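First the structure, in the form of structure tokens, and then the observations on it.
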Amino acid sequence: MIQVLPRWLEDLLTVLSYSDELIAGLSTTLSLYFTALIMGFFLGLGFAIGRQYGGIITSRISTAYIELIRGTPLLVQLFLFYFFPYSLSATLELLGLLPLPLDWSIQIIGPGGQVITILNHRILTCYLMLGLNSTAYQAEYLRGAIASVSAEQLLAAQSLGLSRAGGIRSIVLPQSLRRVIPSWSNEAAYLPKYTVVAYFIGVEDLFAAAHFIVARTFLTLTTYLLVALIYLVLVTVISRILDYVHDRTKIPGL
Amino acid sequence: MEKPLLQVKNIWKAYDELQVLKGVSFDVEEGEVKVIFGPSGSGKSTLLRCINMLTPPDKGTVILQGTNLMDSDTNLNMIRSKIGMVFQHFNLFLHLKAIDNVSLGPRRVLGLSKDEATERALDALIQVKMEKWADHYPAQLSGGQQQRVGIARALVMNPVLILFDEPTSALDPELIGEVLQVMLDIAKSGTTMVVVTHEMGFARAVATEMIFIDEGVIVEKGTPRHFAISPETERAKQFLHRLEVLYGHHEELLEPEDKEEGNS
């Protein structure tokens with residue numbers, strides 16, 4: 001006798017039989033996410049400090065960068081960043097020079113003997129562009145938090161003999177990094193979903209895995225619901241972690 | 001004769017169009033307590049900030065122990081570590097406990113180890129009677145307690161001079177006494193102080209000289225006794241009269257024996 005499963009469960013099992021593709025896609029998405037988040041944080045902190053405390057030139061450059069990135073679509077930035085080296089390479093060739101080597105890749109052999117591409121021109125473009133894009137947004141969250149620490153505290157630090165930079169490091173940053181967490185969690189929650197742009201230049205992220213599975217199985221609804229659920233779980237976990245960190249680092253009495 | 005500890009000569013400062021200081025000069029000898037008073041907006045706070053260059057003057061000279069602070073090759077961070085400053089709004093570091101607020105200077109500026117710095121910070125907190133609150137954060141303390149921590153933060157550096165910028169004017173009346181008491185103790189231990197305040201009781205008790213400033217210039221100088229009995233200028237008379245009407249007799253907040261000592 002044949003056990004008849006409910007239709008939806010049968011569909012789900014079919015989609016889950018592509019677990020290799022899903023896992024590979026998810027790990028690409030996660031590495032894009034964390035790399036961009038961390039790169040965006042450190043560069044963003046630099047731009048935020050530059051905009052808040054820098055001289056007129058540093059502050060203008062920071063502001064221009066932030067406005068340029070925030071004012072244009074991420075996908076357009078990614079395409080420009082992706083195609084520019086190709087146009088440059090073609091121009092070089094026309095001029096009789098050597099073209100840029102753009103078809104390189106770094107691959108490893110996975111546990112099942114399959115070839116896994118760790119890095120190539122496409123993936124590197126995604127890492128850099130997502131990071132550079134996140135930089136602009138994180139810079140603004142950080143600048144807001146830095147500005148919320150009273151300038152008088154920095155004066156007090158300077159009155160003790162600390163340099164301005166020393167005061168920023170030991171007085172302003174410890175407080176602003178605590179304060180930024182609630183608003184910064186916005187960026188941390190947005191970014192996993194922004195990484196889907198990688199699909200448009202052929203990087204095999206979670207979204208690309210979903211497309212692949214749909215093309216094979218035609219199980220559109222089940223596949224996209226499953227992928228949506230994975231993003232939801234990811235973002236929920238990140239939010240919980242940040243709430244916890246925010247709670248643990250609260251300044252008593254404030 | 002020995003040179004004064006601090007010489008302030010012909011200080012000018014403007015914020016955009018607004019001329020705040022118009023040629024202020026005075027000397028501070030070692031061990032002196034100089035009280036500066038005057039209407040709000042007269043440039044008192046700016047003057048204090050010009051002394052430690054937190055607000056660099058447009059013109060003039062500030063000389064501390066023979067070093068001209070206006071020289072471009074003067075190490076201002078080093079100079080500032082020798083000049084304590086107590087702020088109107090305390091400006092404690094909100095993310096640090098009282099003890100860490102006080103030990104930050106010794107650690108970061110004087111280069112002491114954590115243990116040495118903490119030990120010194122505790123001594124300073126004992127001086128301002130705040131040792132019991134060492135592990136409290138600023139937001140858990142009253143204004144008076146925060147200001148005493150602020151004073152300890154300045155004291156711990158063993159400064160040659162402490163600047164007080166209206167240290168009690170942001171405090172509730174019942175908290176003013178505890179801060180003034182601490183300041184009196186410090187003054188009597190021989191610390192050189194420049195104090196911007198309207199607390200005439202404090203001034204009468206310890207000031208060696210009082211300076212009345214209005215509209216960016218020194219209008220009148222004299223001993224507390226001079227200002228109590230026979231201020232010469234009309235502006236000083238009017239201002240002192242208004243203070244008396246507003247504040248009454250704050251000296252009541254001070255302990256009686258301090259008044260007697262101060263008057264003797």
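We label chains A, B, ... in the order they appear in the structure tokens, count residues from 1 in each chain, and number ligands from 1 in the order shown.
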
Spatial neighbours of Arg120 in chain B, max dist 7 Å, only C-alpha atoms, sep filter under 4 positions, as a short mmCIF file (atom, residue, chain, number, x, y, z; two decimals) with N, CA and C atoms, in the first residue's frame:
```cif
data_model
loop_
_atom_site.label_atom_id
_atom_site.label_comp_id
_atom_site.auth_asym_id
_atom_site.auth_seq_id
_atom_site.Cartn_x
_atom_site.Cartn_y
_atom_site.Cartn_z
N GLU B 116 47.40 51.54 40.42
CA GLU B 116 47.88 52.83 40.95
C GLU B 116 46.85 53.92 40.73
N ALA B 124 41.19 60.64 45.96
CA ALA B 124 40.52 61.87 45.54
C ALA B 124 39.04 61.83 45.90
N VAL B 156 42.57 64.79 41.19
CA VAL B 156 43.40 63.58 41.14
C VAL B 156 44.65 63.80 40.29
#
```

May I have the residues within 12 Å of range 86-102 of chain A as an NGL selection string, using only C-alpha atoms and disregarding those fewer than 6 positions away in the same chain?
:A and (79-80 or 119-125)

Please report as a Markdown table every residue of chain B lying within 8 Å of chain A, along with the nearest atom pair and their distance in Å (one decimal), using only C-alpha atoms.
```
| residue | atom | partner | partner_atom | distance |
| --- | --- | --- | --- | --- |
| B:Asn52 | CA | A:Ser159 | CA | 7.4 |
| B:Leu54 | CA | A:Leu155 | CA | 7.1 |
| B:Leu76 | CA | A:Gly161 | CA | 7.6 |
| B:Asn77 | CA | A:Gly161 | CA | 4.3 |
| B:Met78 | CA | A:Gly161 | CA | 5.9 |
| B:Ile79 | CA | A:Gly161 | CA | 7.2 |
| B:Arg80 | CA | A:Gly161 | CA | 4.8 |
| B:Ser81 | CA | A:Gly161 | CA | 4.3 |
| B:Lys82 | CA | A:Gly161 | CA | 8.0 |
| B:Ile83 | CA | A:Ser159 | CA | 7.4 |
| B:Gly84 | CA | A:Leu160 | CA | 6.8 |
| B:Met85 | CA | A:Ser159 | CA | 6.3 |
| B:Phe87 | CA | A:Ala156 | CA | 7.9 |
| B:Asn91 | CA | A:Gln153 | CA | 5.1 |
| B:Leu92 | CA | A:Gln153 | CA | 6.6 |
| B:Phe93 | CA | A:Gln153 | CA | 6.2 |
| B:Leu94 | CA | A:Ile251 | CA | 7.6 |
| B:His95 | CA | A:Ile251 | CA | 5.8 |
| B:Gly105 | CA | A:Leu160 | CA | 5.9 |
| B:Arg108 | CA | A:Leu162 | CA | 7.2 |
| B:Val109 | CA | A:Leu162 | CA | 6.2 |
| B:Tyr137 | CA | A:Pro252 | CA | 6.3 |
| B:Pro138 | CA | A:Gly253 | CA | 7.7 |
| B:Ala139 | CA | A:Gly253 | CA | 4.8 |
| B:Gln140 | CA | A:Gly253 | CA | 5.1 |
| B:Ala154 | CA | A:Leu160 | CA | 7.3 |
| B:Met157 | CA | A:Leu160 | CA | 7.8 |
```

Can you list every residue in range 1-250 of chain A that DSSP puts in alpha helix (DSSP H), as a PyMOL selection string?
chain A and resi 7-16+19-53+56-70+74-94+121-148+151-159+164-167+173-194+206-217+220-248

Quick one: pick out all strand (DSSP E) residues within range 7-226 of chain A from a backbone DSSP run and write them as a ChimeraX atom specification.
/A:105-109,115-120

For Gln147 in chain B, the closest of B:Val24, B:Met70, B:Ala98, B:Leu122 counting only C-alpha atoms is B:Ala98

Gly41 in chain B: which residues within 9 Å, counting only C-alpha atoms, same-chain residues fewer than 2 positions away excluded, as a PyMOL selection string?
chain B and resi 20+38-39+43-45+214-216

Pick from B:Thr46, B:Gln7, B:Ser230, B:Gln127, whichever lies nearest to Gln19 in chain B using only C-alpha atoms:
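Using only C-alpha atoms, Gln19 in chain B sits closest to B:Thr46.
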
One-decimal distance in Å that lies between CA of Gly31 in chain B and CA of Gly190 in chain B:
5.1 Å

If you count only C-alpha atoms, the residue of B:Lys97, B:Thr233, B:Thr168, B:Leu69 closest to Ile218 in chain B turns out to be B:Thr233

Write out as a PyMOL selection string the residues lying within 10 Å of His226 in chain B, counting only C-alpha atoms and excluding same-chain residues fewer than 6 positions away.
chain B and resi 209-210+232

Generate a file of the selected residues that holds all heavy atoms, formatted as an mmCIF file, in the first residue's frame.
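That gives us out.cif:
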```
data_model
loop_
_atom_site.group_PDB
_atom_site.id
_atom_site.type_symbol
_atom_site.label_atom_id
_atom_site.label_comp_id
_atom_site.auth_asym_id
_atom_site.auth_seq_id
_atom_site.Cartn_x
_atom_site.Cartn_y
_atom_site.Cartn_z
ATOM 1 N N GLU B 209 41.050 87.655 46.007
ATOM 2 C CA GLU B 209 40.647 88.812 45.217
ATOM 3 C C GLU B 209 39.406 88.451 44.415
ATOM 4 O O GLU B 209 39.238 87.314 43.984
ATOM 5 C CB GLU B 209 41.761 89.257 44.268
ATOM 6 C CG GLU B 209 41.422 90.573 43.577
ATOM 7 C CD GLU B 209 42.506 91.041 42.605
ATOM 8 O OE1 GLU B 209 42.969 90.223 41.789
ATOM 9 O OE2 GLU B 209 42.854 92.225 42.656
ATOM 10 N N MET B 210 38.542 89.446 44.232
ATOM 11 C CA MET B 210 37.355 89.239 43.404
ATOM 12 C C MET B 210 37.463 90.150 42.181
ATOM 13 O O MET B 210 37.950 91.275 42.278
ATOM 14 C CB MET B 210 36.095 89.558 44.193
ATOM 15 C CG MET B 210 35.860 88.579 45.340
ATOM 16 S SD MET B 210 34.517 89.077 46.404
ATOM 17 C CE MET B 210 33.095 88.839 45.344
ATOM 18 N N GLU B 232 33.006 100.526 44.073
ATOM 19 C CA GLU B 232 33.101 101.889 43.535
ATOM 20 C C GLU B 232 32.188 102.118 42.339
ATOM 21 O O GLU B 232 31.556 103.167 42.219
ATOM 22 C CB GLU B 232 34.558 102.167 43.117
ATOM 23 C CG GLU B 232 35.454 102.441 44.305
ATOM 24 C CD GLU B 232 36.915 102.196 43.975
ATOM 25 O OE1 GLU B 232 37.256 102.087 42.772
ATOM 26 O OE2 GLU B 232 37.713 102.093 44.930
#
```

Near-range 42-57 of chain A list (10 Å; only C-alpha atoms; drop same-chain fewer than 6 positions) as an mmCIF file with all heavy atoms, in the first residue's frame:
```cif
data_model
loop_
_atom_site.group_PDB
_atom_site.id
_atom_site.type_symbol
_atom_site.label_atom_id
_atom_site.label_comp_id
_atom_site.auth_asym_id
_atom_site.auth_seq_id
_atom_site.Cartn_x
_atom_site.Cartn_y
_atom_site.Cartn_z
ATOM 1 N N THR A 63 30.610 63.529 3.338
ATOM 2 C CA THR A 63 29.218 63.840 3.027
ATOM 3 C C THR A 63 28.901 63.489 1.571
ATOM 4 O O THR A 63 27.870 62.874 1.277
ATOM 5 C CB THR A 63 28.950 65.343 3.257
ATOM 6 O OG1 THR A 63 29.398 65.677 4.571
ATOM 7 C CG2 THR A 63 27.473 65.657 3.126
ATOM 8 N N ALA A 64 29.813 63.841 0.656
ATOM 9 C CA ALA A 64 29.582 63.565 -0.761
ATOM 10 C C ALA A 64 29.456 62.061 -0.996
ATOM 11 O O ALA A 64 28.545 61.602 -1.693
ATOM 12 C CB ALA A 64 30.730 64.138 -1.594
ATOM 13 N N TYR A 65 30.337 61.290 -0.390
ATOM 14 C CA TYR A 65 30.292 59.843 -0.569
ATOM 15 C C TYR A 65 28.964 59.274 -0.077
ATOM 16 O O TYR A 65 28.302 58.501 -0.766
ATOM 17 C CB TYR A 65 31.448 59.190 0.199
ATOM 18 C CG TYR A 65 31.434 57.682 0.109
ATOM 19 C CD1 TYR A 65 31.931 57.039 -1.011
ATOM 20 C CD2 TYR A 65 30.871 56.911 1.126
ATOM 21 C CE1 TYR A 65 31.891 55.656 -1.123
ATOM 22 C CE2 TYR A 65 30.825 55.533 1.023
ATOM 23 C CZ TYR A 65 31.338 54.915 -0.098
ATOM 24 O OH TYR A 65 31.285 53.543 -0.205
ATOM 25 N N ILE A 66 28.587 59.699 1.134
ATOM 26 C CA ILE A 66 27.360 59.187 1.743
ATOM 27 C C ILE A 66 26.142 59.523 0.868
ATOM 28 O O ILE A 66 25.300 58.664 0.586
ATOM 29 C CB ILE A 66 27.202 59.753 3.173
ATOM 30 C CG1 ILE A 66 28.281 59.157 4.089
ATOM 31 C CG2 ILE A 66 25.818 59.473 3.729
ATOM 32 C CD1 ILE A 66 28.475 59.891 5.403
ATOM 33 N N GLY A 131 29.607 46.060 0.633
ATOM 34 C CA GLY A 131 30.315 46.703 1.745
ATOM 35 C C GLY A 131 30.345 48.208 1.587
ATOM 36 O O GLY A 131 30.033 48.942 2.530
ATOM 37 N N LEU A 132 30.676 48.661 0.383
ATOM 38 C CA LEU A 132 30.776 50.114 0.150
ATOM 39 C C LEU A 132 29.404 50.778 0.270
ATOM 40 O O LEU A 132 29.286 51.921 0.714
ATOM 41 C CB LEU A 132 31.367 50.385 -1.241
ATOM 42 C CG LEU A 132 32.856 50.065 -1.373
ATOM 43 C CD1 LEU A 132 33.306 50.205 -2.825
ATOM 44 C CD2 LEU A 132 33.684 50.974 -0.463
ATOM 45 N N ASN A 133 28.369 50.055 -0.137
ATOM 46 C CA ASN A 133 27.011 50.591 -0.022
ATOM 47 C C ASN A 133 26.590 50.673 1.439
ATOM 48 O O ASN A 133 26.101 51.701 1.911
ATOM 49 C CB ASN A 133 26.054 49.689 -0.810
ATOM 50 C CG ASN A 133 24.632 50.205 -0.784
ATOM 51 O OD1 ASN A 133 23.900 49.933 0.153
ATOM 52 N ND2 ASN A 133 24.257 50.976 -1.794
ATOM 53 N N SER A 134 26.823 49.587 2.169
ATOM 54 C CA SER A 134 26.444 49.561 3.582
ATOM 55 C C SER A 134 27.214 50.617 4.377
ATOM 56 O O SER A 134 26.700 51.167 5.353
ATOM 57 C CB SER A 134 26.700 48.168 4.153
ATOM 58 O OG SER A 134 26.189 48.077 5.448
ATOM 59 N N THR A 135 28.435 50.894 3.941
ATOM 60 C CA THR A 135 29.253 51.927 4.587
ATOM 61 C C THR A 135 28.484 53.239 4.730
ATOM 62 O O THR A 135 28.458 53.848 5.805
ATOM 63 C CB THR A 135 30.525 52.189 3.748
ATOM 64 O OG1 THR A 135 31.319 51.014 3.756
ATOM 65 C CG2 THR A 135 31.344 53.343 4.319
ATOM 66 N N ALA A 136 27.842 53.661 3.638
ATOM 67 C CA ALA A 136 27.161 54.954 3.644
ATOM 68 C C ALA A 136 26.022 54.974 4.666
ATOM 69 O O ALA A 136 25.856 55.941 5.415
ATOM 70 C CB ALA A 136 26.627 55.271 2.261
ATOM 71 N N TYR A 137 25.237 53.884 4.694
ATOM 72 C CA TYR A 137 24.105 53.846 5.633
ATOM 73 C C TYR A 137 24.594 53.753 7.064
ATOM 74 O O TYR A 137 24.104 54.454 7.954
ATOM 75 C CB TYR A 137 23.192 52.670 5.290
ATOM 76 C CG TYR A 137 22.448 52.894 3.996
ATOM 77 C CD1 TYR A 137 22.969 52.463 2.794
ATOM 78 C CD2 TYR A 137 21.225 53.572 3.989
ATOM 79 C CE1 TYR A 137 22.302 52.689 1.596
ATOM 80 C CE2 TYR A 137 20.546 53.804 2.808
ATOM 81 C CZ TYR A 137 21.093 53.361 1.607
ATOM 82 O OH TYR A 137 20.429 53.601 0.445
ATOM 83 N N GLN A 138 25.586 52.884 7.286
ATOM 84 C CA GLN A 138 26.100 52.733 8.656
ATOM 85 C C GLN A 138 26.765 54.022 9.128
ATOM 86 O O GLN A 138 26.675 54.376 10.302
ATOM 87 C CB GLN A 138 27.084 51.564 8.724
ATOM 88 C CG GLN A 138 26.406 50.228 8.476
ATOM 89 C CD GLN A 138 27.273 49.058 8.873
ATOM 90 O OE1 GLN A 138 27.867 49.045 9.931
ATOM 91 N NE2 GLN A 138 27.348 48.045 8.016
ATOM 92 N N ALA A 139 27.415 54.738 8.203
ATOM 93 C CA ALA A 139 28.057 56.001 8.587
ATOM 94 C C ALA A 139 27.030 56.965 9.161
ATOM 95 O O ALA A 139 27.288 57.642 10.163
ATOM 96 C CB ALA A 139 28.756 56.632 7.380
ATOM 97 N N GLU A 140 25.855 57.013 8.560
ATOM 98 C CA GLU A 140 24.839 57.941 9.047
ATOM 99 C C GLU A 140 24.271 57.521 10.398
ATOM 100 O O GLU A 140 24.036 58.353 11.271
ATOM 101 C CB GLU A 140 23.720 58.097 8.011
ATOM 102 C CG GLU A 140 24.092 59.030 6.882
ATOM 103 C CD GLU A 140 24.446 60.438 7.361
ATOM 104 O OE1 GLU A 140 25.628 60.667 7.671
ATOM 105 O OE2 GLU A 140 23.551 61.293 7.423
ATOM 106 N N TYR A 141 24.047 56.216 10.581
ATOM 107 C CA TYR A 141 23.589 55.758 11.908
ATOM 108 C C TYR A 141 24.635 56.112 12.963
ATOM 109 O O TYR A 141 24.324 56.595 14.042
ATOM 110 C CB TYR A 141 23.372 54.240 11.907
ATOM 111 C CG TYR A 141 22.148 53.792 11.152
ATOM 112 C CD1 TYR A 141 22.229 52.846 10.134
ATOM 113 C CD2 TYR A 141 20.884 54.308 11.464
ATOM 114 C CE1 TYR A 141 21.106 52.429 9.441
ATOM 115 C CE2 TYR A 141 19.757 53.894 10.772
ATOM 116 C CZ TYR A 141 19.875 52.953 9.759
ATOM 117 O OH TYR A 141 18.758 52.548 9.075
ATOM 118 N N LEU A 142 25.908 55.862 12.613
ATOM 119 C CA LEU A 142 26.989 56.101 13.575
ATOM 120 C C LEU A 142 27.163 57.588 13.859
ATOM 121 O O LEU A 142 27.381 57.998 15.001
ATOM 122 C CB LEU A 142 28.295 55.490 13.060
ATOM 123 C CG LEU A 142 28.340 53.965 13.141
ATOM 124 C CD1 LEU A 142 29.407 53.401 12.223
ATOM 125 C CD2 LEU A 142 28.594 53.513 14.579
ATOM 126 N N ARG A 143 27.012 58.406 12.806
ATOM 127 C CA ARG A 143 27.176 59.843 13.008
ATOM 128 C C ARG A 143 26.109 60.362 13.974
ATOM 129 O O ARG A 143 26.384 61.184 14.843
ATOM 130 C CB ARG A 143 27.087 60.590 11.683
ATOM 131 C CG ARG A 143 27.403 62.069 11.809
ATOM 132 C CD ARG A 143 27.459 62.720 10.448
ATOM 133 N NE ARG A 143 26.151 62.775 9.813
ATOM 134 C CZ ARG A 143 25.377 63.860 9.811
ATOM 135 N NH1 ARG A 143 25.786 64.950 10.398
ATOM 136 N NH2 ARG A 143 24.207 63.840 9.212
ATOM 137 N N GLY A 144 24.867 59.861 13.789
ATOM 138 C CA GLY A 144 23.798 60.276 14.686
ATOM 139 C C GLY A 144 24.137 59.946 16.129
ATOM 140 O O GLY A 144 23.970 60.765 17.040
ATOM 141 N N ALA A 145 24.674 58.740 16.343
ATOM 142 C CA ALA A 145 25.001 58.314 17.710
ATOM 143 C C ALA A 145 26.174 59.116 18.259
ATOM 144 O O ALA A 145 26.184 59.500 19.428
ATOM 145 C CB ALA A 145 25.324 56.823 17.724
ATOM 146 N N ILE A 146 27.151 59.420 17.400
ATOM 147 C CA ILE A 146 28.306 60.197 17.841
ATOM 148 C C ILE A 146 27.871 61.606 18.232
ATOM 149 O O ILE A 146 28.276 62.140 19.264
ATOM 150 C CB ILE A 146 29.383 60.243 16.726
ATOM 151 C CG1 ILE A 146 30.074 58.880 16.623
ATOM 152 C CG2 ILE A 146 30.412 61.333 17.001
ATOM 153 C CD1 ILE A 146 30.992 58.752 15.419
ATOM 154 N N ALA A 147 26.979 62.188 17.408
ATOM 155 C CA ALA A 147 26.525 63.547 17.691
ATOM 156 C C ALA A 147 25.699 63.611 18.972
ATOM 157 O O ALA A 147 25.596 64.667 19.601
ATOM 158 C CB ALA A 147 25.715 64.082 16.510
ATOM 159 N N ARG A 164 42.379 65.252 21.417
ATOM 160 C CA ARG A 164 41.038 65.162 20.865
ATOM 161 C C ARG A 164 40.737 63.729 20.414
ATOM 162 O O ARG A 164 39.687 63.165 20.722
ATOM 163 C CB ARG A 164 40.952 66.125 19.676
ATOM 164 C CG ARG A 164 39.586 66.500 19.253
ATOM 165 C CD ARG A 164 39.737 67.624 18.234
ATOM 166 N NE ARG A 164 38.664 67.649 17.280
ATOM 167 C CZ ARG A 164 37.474 68.179 17.524
ATOM 168 N NH1 ARG A 164 37.211 68.704 18.710
ATOM 169 N NH2 ARG A 164 36.531 68.176 16.606
ATOM 170 N N ALA A 165 41.714 63.132 19.712
ATOM 171 C CA ALA A 165 41.524 61.760 19.229
ATOM 172 C C ALA A 165 41.379 60.790 20.403
ATOM 173 O O ALA A 165 40.540 59.889 20.372
ATOM 174 C CB ALA A 165 42.691 61.347 18.343
ATOM 175 N N ILE A 168 37.925 61.151 21.783
ATOM 176 C CA ILE A 168 36.934 60.509 20.918
ATOM 177 C C ILE A 168 36.963 59.001 21.157
ATOM 178 O O ILE A 168 35.934 58.351 21.303
ATOM 179 C CB ILE A 168 37.219 60.834 19.431
ATOM 180 C CG1 ILE A 168 36.950 62.322 19.166
ATOM 181 C CG2 ILE A 168 36.376 59.970 18.501
ATOM 182 C CD1 ILE A 168 37.402 62.809 17.803
ATOM 183 N N LEU A 173 33.346 57.293 21.581
ATOM 184 C CA LEU A 173 33.018 56.032 20.915
ATOM 185 C C LEU A 173 32.360 54.999 21.846
ATOM 186 O O LEU A 173 31.373 54.393 21.445
ATOM 187 C CB LEU A 173 34.250 55.446 20.216
ATOM 188 C CG LEU A 173 34.673 56.196 18.949
ATOM 189 C CD1 LEU A 173 35.798 55.459 18.236
ATOM 190 C CD2 LEU A 173 33.504 56.418 18.007
ATOM 191 N N LEU A 177 28.781 53.819 20.465
ATOM 192 C CA LEU A 177 28.593 52.456 19.982
ATOM 193 C C LEU A 177 27.485 51.742 20.751
ATOM 194 O O LEU A 177 26.789 50.898 20.212
ATOM 195 C CB LEU A 177 29.902 51.663 20.062
ATOM 196 C CG LEU A 177 30.988 52.141 19.091
ATOM 197 C CD1 LEU A 177 32.221 51.278 19.172
ATOM 198 C CD2 LEU A 177 30.455 52.179 17.654
#
```

Of the candidates A:Ala198, A:Leu5, A:Val15, A:Met39, which shows the shortest atom-to-atom distance to Leu221 in chain A, using only C-alpha atoms?
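Looking at the shortest contact to Leu221 in chain A, the residue is A:Val15.
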
So, with only C-alpha atoms as the atoms that count, which of A:Thr195, A:Gln114, A:Ser59, A:Asn186 lies closest to Ser27 in chain A?
A:Thr195
